[in-house]
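A.B. asks: So here's input_25.tsv, just TSV, C-alpha atoms (C1' of nucleotides):
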chain	number	residue	atom	x	y	z
A	1451	MET	CA	5.15	-26.78	13.53
A	1452	GLU	CA	5.67	-27.37	17.23
A	1453	ASP	CA	6.23	-24.53	19.60
A	1454	HIS	CA	9.76	-25.49	20.39
A	1455	ASP	CA	10.59	-25.80	16.69
A	1456	PHE	CA	10.33	-22.02	16.50
A	1457	GLU	CA	13.43	-21.83	18.64
A	1458	HIS	CA	15.42	-23.95	16.19
A	1459	LEU	CA	13.95	-21.98	13.34
A	1460	LEU	CA	15.24	-18.73	14.82
A	1461	ARG	CA	18.67	-20.15	15.62
A	1462	SER	CA	19.09	-21.59	12.15
A	1463	ALA	CA	18.44	-18.11	10.79
A	1464	ASP	CA	21.06	-16.61	13.11
A	1465	LEU	CA	18.43	-14.79	15.07
A	1466	ARG	CA	18.44	-14.69	18.83
A	1467	VAL	CA	15.62	-16.45	20.59
A	1468	THR	CA	13.51	-13.94	22.47
A	1469	ARG	CA	10.10	-13.97	24.02
A	1470	PRO	CA	8.71	-11.34	21.61
A	1471	ARG	CA	9.90	-13.33	18.59
A	1472	LEU	CA	8.40	-16.57	19.82
A	1473	ALA	CA	5.17	-14.78	20.60
A	1474	VAL	CA	5.05	-13.25	17.11
A	1475	LEU	CA	5.65	-16.63	15.48
A	1476	ARG	CA	2.88	-18.18	17.55
A	1477	ALA	CA	0.57	-15.27	16.68
A	1478	VAL	CA	1.20	-15.62	12.96
A	1479	ARG	CA	0.67	-19.36	13.15
A	1480	ARG	CA	-2.60	-18.79	14.98
A	1481	GLN	CA	-3.92	-16.20	12.52
A	1482	PRO	CA	-2.55	-16.55	9.00
A	1483	HIS	CA	-2.74	-13.31	6.95
A	1484	ALA	CA	-2.98	-11.21	10.09
A	1485	ASP	CA	-1.92	-7.60	9.78
A	1486	THR	CA	0.57	-5.97	12.11
A	1487	GLY	CA	-2.09	-4.65	14.43
A	1488	SER	CA	-3.65	-8.07	14.86
A	1489	VAL	CA	-0.26	-9.62	15.47
A	1490	LEU	CA	0.45	-7.00	18.10
A	1491	ALA	CA	-2.86	-7.67	19.84
A	1492	ALA	CA	-2.33	-11.42	19.70
A	1493	VAL	CA	1.21	-11.10	21.02
A	1494	ARG	CA	0.03	-9.00	23.94
A	1495	THR	CA	-2.38	-11.65	25.10
A	1496	GLU	CA	0.68	-13.66	26.13
A	1497	GLU	CA	3.31	-10.93	26.44
A	1498	PRO	CA	1.50	-7.77	27.52
A	1499	THR	CA	4.59	-5.56	27.64
A	1500	VAL	CA	5.76	-6.00	24.06
A	1501	SER	CA	5.93	-2.68	22.21
A	1502	HIS	CA	4.45	-2.04	18.81
A	1503	GLN	CA	7.89	-1.17	17.53
A	1504	ALA	CA	9.17	-4.57	18.62
A	1505	VAL	CA	6.48	-6.25	16.55
A	1506	TYR	CA	7.45	-4.20	13.52
A	1507	ASP	CA	11.11	-5.05	14.10
A	1508	VAL	CA	10.42	-8.74	14.62
A	1509	LEU	CA	8.19	-9.04	11.58
A	1510	GLY	CA	10.84	-7.25	9.55
A	1511	ALA	CA	13.60	-9.52	10.79
A	1512	LEU	CA	11.54	-12.66	10.24
A	1513	THR	CA	10.61	-11.51	6.76
A	1514	ASP	CA	14.21	-10.70	5.86
A	1515	SER	CA	15.26	-14.14	7.05
A	1516	GLY	CA	12.52	-15.82	5.08
A	1517	LEU	CA	10.85	-17.31	8.15
A	1518	VAL	CA	7.61	-15.52	7.46
A	1519	ARG	CA	6.20	-14.10	4.28
A	1520	ARG	CA	4.85	-10.61	3.97
A	1521	ILE	CA	2.02	-9.95	1.56
A	1522	GLN	CA	0.49	-6.61	0.79
A	1523	PRO	CA	-2.39	-6.62	-1.68
A	1524	ALA	CA	-3.20	-3.21	-3.15
A	1525	GLY	CA	-5.23	-1.16	-0.72
A	1526	SER	CA	-4.33	-3.35	2.22
A	1527	VAL	CA	-1.85	-3.00	5.03
A	1528	ALA	CA	0.95	-5.55	5.33
A	1529	ARG	CA	-0.10	-9.08	6.25
A	1530	TYR	CA	2.00	-12.02	7.35
A	1531	GLU	CA	1.96	-15.79	7.11
A	1532	LEU	CA	4.14	-18.69	8.16
A	1533	ARG	CA	3.63	-20.76	5.03
A	1534	VAL	CA	6.79	-20.13	3.12
A	1535	GLY	CA	8.70	-21.56	0.20
A	1536	ASP	CA	5.83	-23.57	-1.23
A	1537	ASN	CA	4.92	-21.19	-3.99
A	1538	HIS	CA	1.33	-20.64	-3.14
A	1539	HIS	CA	-0.65	-17.56	-4.03
A	1540	HIS	CA	-3.54	-15.54	-2.66
A	1541	ALA	CA	-7.14	-14.74	-3.41
A	1542	VAL	CA	-8.24	-11.35	-2.12
A	1543	CYS	CA	-11.84	-10.23	-1.70
A	1544	ARG	CA	-12.47	-6.86	-3.32
A	1545	SER	CA	-15.29	-6.20	-0.90
A	1546	CYS	CA	-14.07	-7.19	2.55
A	1547	GLY	CA	-10.37	-7.69	1.93
A	1548	VAL	CA	-10.17	-11.20	3.32
A	1549	VAL	CA	-7.28	-13.29	2.01
A	1550	ALA	CA	-7.24	-17.02	1.21
A	1551	ASP	CA	-4.42	-19.29	0.15
A	1552	VAL	CA	-4.50	-20.70	-3.37
A	1553	ASP	CA	-2.26	-23.38	-4.78
A	1554	CYS	CA	-1.54	-22.51	-8.37
A	1555	ALA	CA	-2.56	-25.22	-10.80
A	1556	VAL	CA	-0.01	-24.31	-13.42
A	1557	GLY	CA	2.98	-25.78	-11.70
A	1558	VAL	CA	5.72	-25.17	-9.24
A	1559	ARG	CA	6.70	-21.80	-10.62
A	1560	PRO	CA	3.63	-20.53	-12.40
A	1561	CYS	CA	3.84	-17.83	-14.98
A	1562	LEU	CA	7.52	-17.45	-14.40
A	1563	ASP	CA	8.03	-17.64	-18.16
A	1564	ALA	CA	7.23	-14.10	-19.04
A	1565	SER	CA	7.59	-13.37	-22.71
A	1566	ASP	CA	9.87	-10.37	-22.40
A	1567	THR	CA	11.05	-9.05	-19.07
A	1568	HIS	CA	13.05	-6.17	-20.54
A	1569	GLY	CA	16.30	-7.37	-19.05
A	1570	PHE	CA	14.93	-7.84	-15.54
A	1571	VAL	CA	16.39	-10.73	-13.56
A	1572	ILE	CA	13.22	-12.27	-12.13
A	1573	ASP	CA	13.31	-14.39	-8.99
A	1574	GLU	CA	9.65	-14.64	-8.13
A	1575	ALA	CA	6.25	-14.50	-9.77
A	1576	GLU	CA	3.56	-13.43	-7.36
A	1577	VAL	CA	-0.04	-14.08	-8.35
A	1578	THR	CA	-2.96	-12.29	-6.74
A	1579	TYR	CA	-6.46	-13.45	-7.57
A	1580	TRP	CA	-9.04	-10.69	-7.19
A	1581	GLY	CA	-12.73	-11.32	-6.71
A	1582	LEU	CA	-15.37	-11.83	-4.07
A	1583	CYS	CA	-15.18	-14.19	-1.14
A	1584	PRO	CA	-18.05	-16.64	-0.59
A	1585	ALA	CA	-19.76	-14.41	1.97
A	1586	CYS	CA	-19.53	-11.21	-0.09
A	1587	SER	CA	-20.55	-12.86	-3.38
A	1588	THR	CA	-23.63	-14.36	-1.76
A	1589	ARG	CA	-24.54	-11.02	-0.28
A	1590	ALA	CA	-24.08	-9.30	-3.66
A	1591	VAL	CA	-26.50	-11.70	-5.36
A	1592	THR	CA	-29.09	-11.49	-2.62
A	1593	THR	CA	-29.08	-7.73	-2.37
B	1056	MET	CA	-4.26	8.06	-28.14
B	1057	GLU	CA	-4.79	11.59	-29.38
B	1058	ASP	CA	-5.35	14.43	-27.00
B	1059	HIS	CA	-8.88	15.04	-28.07
B	1060	ASP	CA	-9.70	11.34	-27.74
B	1061	PHE	CA	-9.46	11.80	-23.99
B	1062	GLU	CA	-12.58	13.92	-24.17
B	1063	HIS	CA	-14.54	11.12	-25.85
B	1064	LEU	CA	-13.05	8.66	-23.41
B	1065	LEU	CA	-14.36	10.66	-20.48
B	1066	ARG	CA	-17.79	11.19	-22.03
B	1067	SER	CA	-18.17	7.52	-22.85
B	1068	ALA	CA	-17.54	6.76	-19.19
B	1069	ASP	CA	-20.19	9.30	-18.14
B	1070	LEU	CA	-17.58	11.56	-16.66
B	1071	ARG	CA	-17.64	15.28	-17.19
B	1072	VAL	CA	-14.84	16.76	-19.21
B	1073	THR	CA	-12.74	19.08	-17.08
B	1074	ARG	CA	-9.32	20.60	-17.36
B	1075	PRO	CA	-7.94	18.70	-14.36
B	1076	ARG	CA	-9.09	15.37	-15.80
B	1077	LEU	CA	-7.59	16.03	-19.20
B	1078	ALA	CA	-4.37	17.13	-17.56
B	1079	VAL	CA	-4.24	13.95	-15.45
B	1080	LEU	CA	-4.81	11.76	-18.50
B	1081	ARG	CA	-2.02	13.54	-20.37
B	1082	ALA	CA	0.26	13.20	-17.35
B	1083	VAL	CA	-0.35	9.46	-17.05
B	1084	ARG	CA	0.20	9.01	-20.77
B	1085	ARG	CA	3.46	10.93	-20.51
B	1086	GLN	CA	4.78	8.94	-17.53
B	1087	PRO	CA	3.42	5.42	-17.27
B	1088	HIS	CA	3.60	3.97	-13.74
B	1089	ALA	CA	3.84	7.42	-12.20
B	1090	ASP	CA	2.75	7.73	-8.59
B	1091	THR	CA	0.23	10.30	-7.41
B	1092	GLY	CA	2.88	12.83	-6.50
B	1093	SER	CA	4.46	12.67	-9.92
B	1094	VAL	CA	1.07	12.99	-11.57
B	1095	LEU	CA	0.33	16.03	-9.44
B	1096	ALA	CA	3.64	17.63	-10.39
B	1097	ALA	CA	3.12	16.84	-14.06
B	1098	VAL	CA	-0.44	18.17	-13.99
B	1099	ARG	CA	0.72	21.42	-12.42
B	1100	THR	CA	3.12	22.13	-15.25
B	1101	GLU	CA	0.07	22.76	-17.40
B	1102	GLU	CA	-2.59	23.52	-14.79
B	1103	PRO	CA	-0.79	25.17	-11.87
B	1104	THR	CA	-3.89	25.66	-9.74
B	1105	VAL	CA	-5.04	22.04	-9.52
B	1106	SER	CA	-5.21	20.79	-5.95
B	1107	HIS	CA	-3.74	17.55	-4.71
B	1108	GLN	CA	-7.18	16.44	-3.65
B	1109	ALA	CA	-8.43	16.92	-7.20
B	1110	VAL	CA	-5.70	14.60	-8.47
B	1111	TYR	CA	-6.68	11.97	-5.91
B	1112	ASP	CA	-10.33	12.36	-6.88
B	1113	VAL	CA	-9.62	12.24	-10.59
B	1114	LEU	CA	-7.35	9.21	-10.36
B	1115	GLY	CA	-9.99	7.51	-8.24
B	1116	ALA	CA	-12.76	8.30	-10.71
B	1117	LEU	CA	-10.68	7.23	-13.70
B	1118	THR	CA	-9.73	4.00	-11.96
B	1119	ASP	CA	-13.33	3.25	-11.01
B	1120	SER	CA	-14.37	3.80	-14.61
B	1121	GLY	CA	-11.61	1.61	-15.92
B	1122	LEU	CA	-9.96	4.38	-17.92
B	1123	VAL	CA	-6.72	4.04	-16.03
B	1124	ARG	CA	-5.31	1.16	-14.07
B	1125	ARG	CA	-3.97	1.47	-10.57
B	1126	ILE	CA	-1.13	-0.78	-9.50
B	1127	GLN	CA	0.38	-0.96	-6.08
B	1128	PRO	CA	3.27	-3.37	-5.64
B	1129	ALA	CA	4.05	-4.21	-2.02
B	1130	GLY	CA	6.09	-1.45	-0.42
B	1131	SER	CA	5.18	1.06	-3.10
B	1132	VAL	CA	2.68	3.86	-3.26
B	1133	ALA	CA	-0.10	3.69	-5.83
B	1134	ARG	CA	0.96	3.99	-9.45
B	1135	TYR	CA	-1.13	4.56	-12.54
B	1136	GLU	CA	-1.06	3.66	-16.20
B	1137	LEU	CA	-3.23	4.19	-19.24
B	1138	ARG	CA	-2.71	0.74	-20.74
B	1139	VAL	CA	-5.86	-1.03	-19.81
B	1140	GLY	CA	-7.79	-4.13	-20.75
B	1141	ASP	CA	-4.91	-5.89	-22.45
B	1142	ASN	CA	-4.04	-8.20	-19.59
B	1143	HIS	CA	-0.45	-7.29	-19.16
B	1144	HIS	CA	1.51	-7.62	-15.98
B	1145	HIS	CA	4.41	-5.93	-14.24
B	1146	ALA	CA	8.00	-6.54	-13.32
B	1147	VAL	CA	9.11	-4.67	-10.23
B	1148	CYS	CA	12.71	-4.06	-9.21
B	1149	ARG	CA	13.34	-5.08	-5.60
B	1150	SER	CA	16.17	-2.59	-5.39
B	1151	CYS	CA	14.97	0.64	-6.97
B	1152	GLY	CA	11.26	-0.03	-7.34
B	1153	VAL	CA	11.06	0.72	-11.05
B	1154	VAL	CA	8.16	-0.94	-12.87
B	1155	ALA	CA	8.11	-2.38	-16.39
B	1156	ASP	CA	5.27	-3.83	-18.43
B	1157	VAL	CA	5.34	-7.53	-19.19
B	1158	ASP	CA	3.09	-9.39	-21.58
B	1159	CYS	CA	2.33	-12.76	-20.07
B	1160	ALA	CA	3.37	-15.65	-22.26
B	1161	VAL	CA	0.78	-18.06	-20.92
B	1162	GLY	CA	-2.19	-16.61	-22.68
B	1163	VAL	CA	-4.95	-14.12	-22.49
B	1164	ARG	CA	-5.92	-14.89	-18.91
B	1165	PRO	CA	-2.87	-16.40	-17.30
B	1166	CYS	CA	-3.07	-18.41	-14.16
B	1167	LEU	CA	-6.76	-17.73	-13.90
B	1168	ASP	CA	-7.27	-21.45	-13.44
B	1169	ALA	CA	-6.44	-21.68	-9.80
B	1170	SER	CA	-6.82	-25.17	-8.46
B	1171	ASP	CA	-9.05	-24.33	-5.54
B	1172	THR	CA	-10.21	-20.82	-4.82
B	1173	HIS	CA	-12.20	-21.74	-1.72
B	1174	GLY	CA	-15.45	-20.49	-3.16
B	1175	PHE	CA	-14.10	-17.13	-4.26
B	1176	VAL	CA	-15.56	-15.70	-7.45
B	1177	ILE	CA	-12.39	-14.59	-9.22
B	1178	ASP	CA	-12.48	-11.88	-11.88
B	1179	GLU	CA	-8.81	-11.08	-12.32
B	1180	ALA	CA	-5.43	-12.68	-11.88
B	1181	GLU	CA	-2.72	-10.13	-11.29
B	1182	VAL	CA	0.86	-11.25	-11.76
B	1183	THR	CA	3.81	-9.36	-10.32
B	1184	TYR	CA	7.30	-10.41	-11.30
B	1185	TRP	CA	9.89	-9.55	-8.67
B	1186	GLY	CA	13.58	-9.21	-9.38
B	1187	LEU	CA	16.22	-6.71	-10.37
B	1188	CYS	CA	16.03	-4.25	-13.20
B	1189	PRO	CA	18.90	-4.19	-15.72
B	1190	ALA	CA	20.62	-1.27	-13.99
B	1191	CYS	CA	20.39	-2.73	-10.48
B	1192	SER	CA	21.38	-6.26	-11.49
B	1193	THR	CA	24.48	-4.98	-13.26
B	1194	ARG	CA	25.42	-2.93	-10.25
B	1195	ALA	CA	24.93	-5.95	-7.95
B	1196	VAL	CA	27.31	-8.08	-10.01
B	1197	THR	CA	29.92	-5.37	-10.33
B	1198	THR	CA	29.94	-4.48	-6.65
C	866	DA	C1'	-28.88	31.83	-24.40
C	867	DG	C1'	-30.22	31.38	-19.28
C	868	DG	C1'	-30.74	29.05	-15.11
C	869	DA	C1'	-31.03	25.13	-12.14
C	870	DA	C1'	-29.21	20.67	-10.56
C	871	DA	C1'	-25.55	17.73	-10.24
C	872	DA	C1'	-20.91	16.82	-10.33
C	873	DA	C1'	-16.29	18.36	-9.67
C	874	DC	C1'	-12.80	21.18	-7.41
C	875	DT	C1'	-10.40	24.00	-3.49
C	876	DT	C1'	-8.99	24.50	1.01
C	877	DG	C1'	-7.39	22.86	5.17
C	878	DA	C1'	-7.45	19.69	8.76
C	879	DC	C1'	-6.75	15.01	10.08
C	880	DT	C1'	-5.90	9.88	10.26
C	881	DG	C1'	-3.25	5.73	10.83
C	882	DG	C1'	0.26	2.53	9.37
C	883	DT	C1'	4.94	2.76	9.42
C	884	DT	C1'	9.52	4.54	10.47
C	885	DC	C1'	13.23	7.16	12.99
C	886	DA	C1'	16.17	8.03	17.00
C	887	DA	C1'	18.06	7.60	21.50
C	888	DG	C1'	18.50	5.10	25.43
C	889	DT	C1'	17.84	0.55	28.12
C	890	DA	C1'	17.66	-4.43	28.53
C	891	DA	C1'	18.60	-9.05	27.36
C	892	DA	C1'	21.04	-12.91	24.74
C	893	DG	C1'	24.84	-15.78	24.14
C	894	DG	C1'	29.90	-16.42	23.37
C	895	DG	C1'	34.23	-16.48	25.76
D	511	DC	C1'	29.94	-14.53	35.04
D	512	DC	C1'	31.15	-10.58	32.32
D	513	DC	C1'	31.34	-8.25	27.84
D	514	DT	C1'	29.86	-7.34	23.28
D	515	DT	C1'	26.27	-7.52	20.28
D	516	DT	C1'	21.68	-7.61	19.26
D	517	DA	C1'	17.06	-6.72	20.58
D	518	DC	C1'	13.51	-3.98	22.80
D	519	DT	C1'	11.13	0.38	24.89
D	520	DT	C1'	9.71	4.87	24.58
D	521	DG	C1'	8.12	8.67	22.30
D	522	DA	C1'	8.17	11.56	18.44
D	523	DA	C1'	7.75	12.17	13.55
D	524	DC	C1'	6.50	11.18	8.72
D	525	DC	C1'	3.57	11.02	4.77
D	526	DA	C1'	0.32	8.89	1.49
D	527	DG	C1'	-4.14	9.07	1.57
D	528	DT	C1'	-8.86	10.55	3.32
D	529	DC	C1'	-12.60	13.53	5.30
D	530	DA	C1'	-15.52	17.51	5.42
D	531	DA	C1'	-17.38	21.94	4.23
D	532	DG	C1'	-17.91	25.32	1.07
D	533	DT	C1'	-17.25	27.14	-3.88
D	534	DT	C1'	-16.95	26.61	-8.78
D	535	DT	C1'	-17.85	24.44	-13.12
D	536	DT	C1'	-20.14	21.46	-16.27
D	537	DT	C1'	-24.07	20.02	-18.49
D	538	DC	C1'	-28.86	19.51	-19.27
D	539	DC	C1'	-33.22	21.47	-20.07
D	540	DT	C1'	-36.37	25.07	-21.22
Show me, as structure tokens, the structure contained in the file I just sent.

C.D. replies:
Amino acid sequence: MEDHDFEHLLRSADLRVTRPRLAVLRAVRRQPHADTGSVLAAVRTEEPTVSHQAVYDVLGALTDSGLVRRIQPAGSVARYELRVGDNHHHAVCRSCGVVADVDCAVGVRPCLDASDTHGFVIDEAEVTYWGLCPACSTRAVTT
Amino acid sequence: MEDHDFEHLLRSADLRVTRPRLAVLRAVRRQPHADTGSVLAAVRTEEPTVSHQAVYDVLGALTDSGLVRRIQPAGSVARYELRVGDNHHHAVCRSCGVVADVDCAVGVRPCLDASDTHGFVIDEAEVTYWGLCPACSTRAVTT
DNA sequence: AGGAAAAACTTGACTGGTTCAAGTAAAGGG
DNA sequence: CCCTTTACTTGAACCAGTCAAGTTTTTCCT
């Protein structure tokens, strides 16, 4: 994803192209799974005057348009990533909270065949793998 | 689950048997997927003097011991349920937030075979089905 | 039963991510 | 280049959840 593709991306979503939005997109590309605070800090390295509210607004708009994906594992604040529409899932470390991408082995739409959804109209199956990241699992064994 | 089974349940988890804990267990049994506020309200119908901190502590202790399960879909506060250890999942309504239980059709440990977990030691795969509940999907079509 | 130690609960203050509201600035179509 | 719409800034507020200190209750042991 080239820098100037972000502009097309925004236009194709009927969103105006602004410096804060481009900076947020670059920040999320730079640090996948970053939370809002990290995005804000990253944005301010290139655009020091951007407000925290702007970052919330931008991330909301980008999420609504499907340009970024918001994930929020239990006990975590909201995190964002650019990778979108490829049906991948996440592994979350119970100890340090770090998130990693996981491609589900089951297929394109894993587990979407729930036995009985009680009349719900399901459009997405989100899988979260819980466990320990390499660093934390090593530490647990050693200690 | 009989009322007086809760006492054995607590003892078997090395937790002391107290009125607040029994009241919380009854509340969660009465309203599956209730959030902390609802549990507090329900508890106070039978134990009016229980503090909100006690409910947080109790729910935390019960969750740590595996007697209740905490779920927290993105954008929702923490919710609790008694059904535990049977590997079921949840359908969440994008519109009203209501939660329903779903037994996964894939098997006992669905989707636990992630292709590449980047060295994570995974102990649980949590599946969240997103969509519209019967009431909200009907309303969406009608409107 | 009685008394001590440990665990649980009450009270009240506080935190921090997120949202609300009003006013200002910038984008992009005409 | 101007006007309308959308986006951003500023600053306050919200609220689920947590922290800390002190009191009460449970349970174990004699």

A.B. asks: What lies within 12 Å of A:Thr1486 using all atoms listed in the file, ignoring chain neighbours under 4 positions off, as a ChimeraX atom specification?

C.D. replies: /A:1474,1477-1478,1481-1482,1490-1493,1501-1510,1520-1522,1526-1531 /C:882-883

A.B. asks: Dump as a VMD selection string the residues of chain D that approach chain B to within 10 Å, counting all atoms listed in the file.

C.D. replies: chain D and resid 526 to 528 535 to 537

A.B. asks: Quick one, how far is atom CA of A:Arg1533 from atom CA of A:Pro1470?

C.D. replies: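 Spanning atom CA of A:Arg1533 to atom CA of A:Pro1470 is a straight-line distance of 19.7 Å.
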
A.B. asks: Set out as JSON lines a contact list for chain B and chain A with a cut-off of 6 Å, giving each residue of chain B that qualifies its closest atom pair and distance in Å to one decimal, counting only C-alpha atoms, ordered by chain and rising residue number.

C.D. replies:
{"residue": "B:Gln1127", "atom": "CA", "partner": "A:Ala1524", "partner_atom": "CA", "distance": 5.1}
{"residue": "B:Ala1129", "atom": "CA", "partner": "A:Gln1522", "partner_atom": "CA", "distance": 5.1}
{"residue": "B:Val1157", "atom": "CA", "partner": "A:Thr1567", "partner_atom": "CA", "distance": 5.9}
{"residue": "B:Cys1159", "atom": "CA", "partner": "A:Ala1564", "partner_atom": "CA", "distance": 5.2}
{"residue": "B:Ala1160", "atom": "CA", "partner": "A:Ser1565", "partner_atom": "CA", "distance": 4.8}
{"residue": "B:Ala1169", "atom": "CA", "partner": "A:Cys1554", "partner_atom": "CA", "distance": 5.2}
{"residue": "B:Ser1170", "atom": "CA", "partner": "A:Ala1555", "partner_atom": "CA", "distance": 4.9}
{"residue": "B:Thr1172", "atom": "CA", "partner": "A:Val1552", "partner_atom": "CA", "distance": 5.9}
{"residue": "B:Gly1174", "atom": "CA", "partner": "A:Pro1584", "partner_atom": "CA", "distance": 5.3}
{"residue": "B:Phe1175", "atom": "CA", "partner": "A:Cys1583", "partner_atom": "CA", "distance": 4.4}
{"residue": "B:Val1176", "atom": "CA", "partner": "A:Leu1582", "partner_atom": "CA", "distance": 5.1}
{"residue": "B:Ile1177", "atom": "CA", "partner": "A:Gly1581", "partner_atom": "CA", "distance": 4.1}
{"residue": "B:Asp1178", "atom": "CA", "partner": "A:Gly1581", "partner_atom": "CA", "distance": 5.2}
{"residue": "B:Glu1179", "atom": "CA", "partner": "A:Trp1580", "partner_atom": "CA", "distance": 5.1}
{"residue": "B:Ala1180", "atom": "CA", "partner": "A:Tyr1579", "partner_atom": "CA", "distance": 4.5}
{"residue": "B:Glu1181", "atom": "CA", "partner": "A:Thr1578", "partner_atom": "CA", "distance": 5.0}
{"residue": "B:Val1182", "atom": "CA", "partner": "A:Val1577", "partner_atom": "CA", "distance": 4.5}
{"residue": "B:Thr1183", "atom": "CA", "partner": "A:Glu1576", "partner_atom": "CA", "distance": 5.0}
{"residue": "B:Tyr1184", "atom": "CA", "partner": "A:Ala1575", "partner_atom": "CA", "distance": 4.5}
{"residue": "B:Trp1185", "atom": "CA", "partner": "A:Glu1574", "partner_atom": "CA", "distance": 5.1}
{"residue": "B:Gly1186", "atom": "CA", "partner": "A:Ile1572", "partner_atom": "CA", "distance": 4.1}
{"residue": "B:Leu1187", "atom": "CA", "partner": "A:Val1571", "partner_atom": "CA", "distance": 5.1}
{"residue": "B:Cys1188", "atom": "CA", "partner": "A:Phe1570", "partner_atom": "CA", "distance": 4.4}
{"residue": "B:Pro1189", "atom": "CA", "partner": "A:Gly1569", "partner_atom": "CA", "distance": 5.3}

A.B. asks: How close does each residue of chain C get to chain B, giving the shortest atom pair and distance in Å to one decimal for every residue with an atom at most 9 Å away, counting all atoms listed in the file, sorted by chain and residue number, as JSON lines?

C.D. replies:
{"residue": "C:DA872", "atom": "C1'", "partner": "B:Arg1071", "partner_atom": "CA", "distance": 7.8}
{"residue": "C:DA873", "atom": "C1'", "partner": "B:Arg1071", "partner_atom": "CA", "distance": 8.2}
{"residue": "C:DC874", "atom": "C1'", "partner": "B:Ala1109", "partner_atom": "CA", "distance": 6.1}
{"residue": "C:DT875", "atom": "C1'", "partner": "B:Ser1106", "partner_atom": "CA", "distance": 6.6}
{"residue": "C:DT876", "atom": "C1'", "partner": "B:Ser1106", "partner_atom": "CA", "distance": 8.7}

A.B. asks: Dig up all the protein and nucleic acid residues within 6 Å of (11.3, 11.4, 11.4) in the file frame, using all atoms listed in the file, and format them as a ChimeraX atom specification.

C.D. replies: /C:885 /D:523-524

A.B. asks: Filtering to C-alpha atoms (C1' of nucleotides), could you give me those residues as a PDB file, in the frame of the given file?

C.D. replies:
ATOM      1  C1'  DC C 885      13.230   7.160  12.990  1.00  0.00           C
TER       2       DC C 885
ATOM      3  C1'  DA D 523       7.750  12.170  13.550  1.00  0.00           C
ATOM      4  C1'  DC D 524       6.500  11.180   8.720  1.00  0.00           C
TER       5       DC D 524
END

A.B. asks: In Å, with one decimal, what is the gap from atom CA of B:Leu1122 to atom C1' of D:DC538?

C.D. replies: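 Taking atom CA of B:Leu1122 as the start and atom C1' of D:DC538 as the end point, the length is 24.2 Å.
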
A.B. asks: Hey, can you check how far atom CA of B:Ala1195 sits from atom CA of A:Ala1511?

C.D. replies: 22.2 Å

A.B. asks: Just want the 12 Å neighbourhood of D:DC513, counted on all atoms listed in the file, with same-chain residues fewer than 2 positions away dropped. Output as JSON, numbers by chain.

C.D. replies: {"C": [892, 893, 894, 895], "D": [511, 515]}

A.B. asks: Any chance you can output those residues with C-alpha atoms (C1' of nucleotides) as a PDB file, in the coordinates of the input?

C.D. replies:
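To be explicit, this is the file written out as selection-v4.pdb:
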ATOM      1  C1'  DA C 892      21.040 -12.910  24.740  1.00  0.00           C
ATOM      2  C1'  DG C 893      24.840 -15.780  24.140  1.00  0.00           C
ATOM      3  C1'  DG C 894      29.900 -16.420  23.370  1.00  0.00           C
ATOM      4  C1'  DG C 895      34.230 -16.480  25.760  1.00  0.00           C
TER       5       DG C 895
ATOM      6  C1'  DC D 511      29.940 -14.530  35.040  1.00  0.00           C
ATOM      7  C1'  DT D 515      26.270  -7.520  20.280  1.00  0.00           C
TER       8       DT D 515
END

A.B. asks: Counting only C-alpha atoms (C1' of nucleotides), find residues at most 10 Å from (19.6, -3.1, 21.3) (file frame) and give them as an MDAnalysis selection string.

C.D. replies: (chainID C and resid 888:891) or (chainID D and resid 515:519)
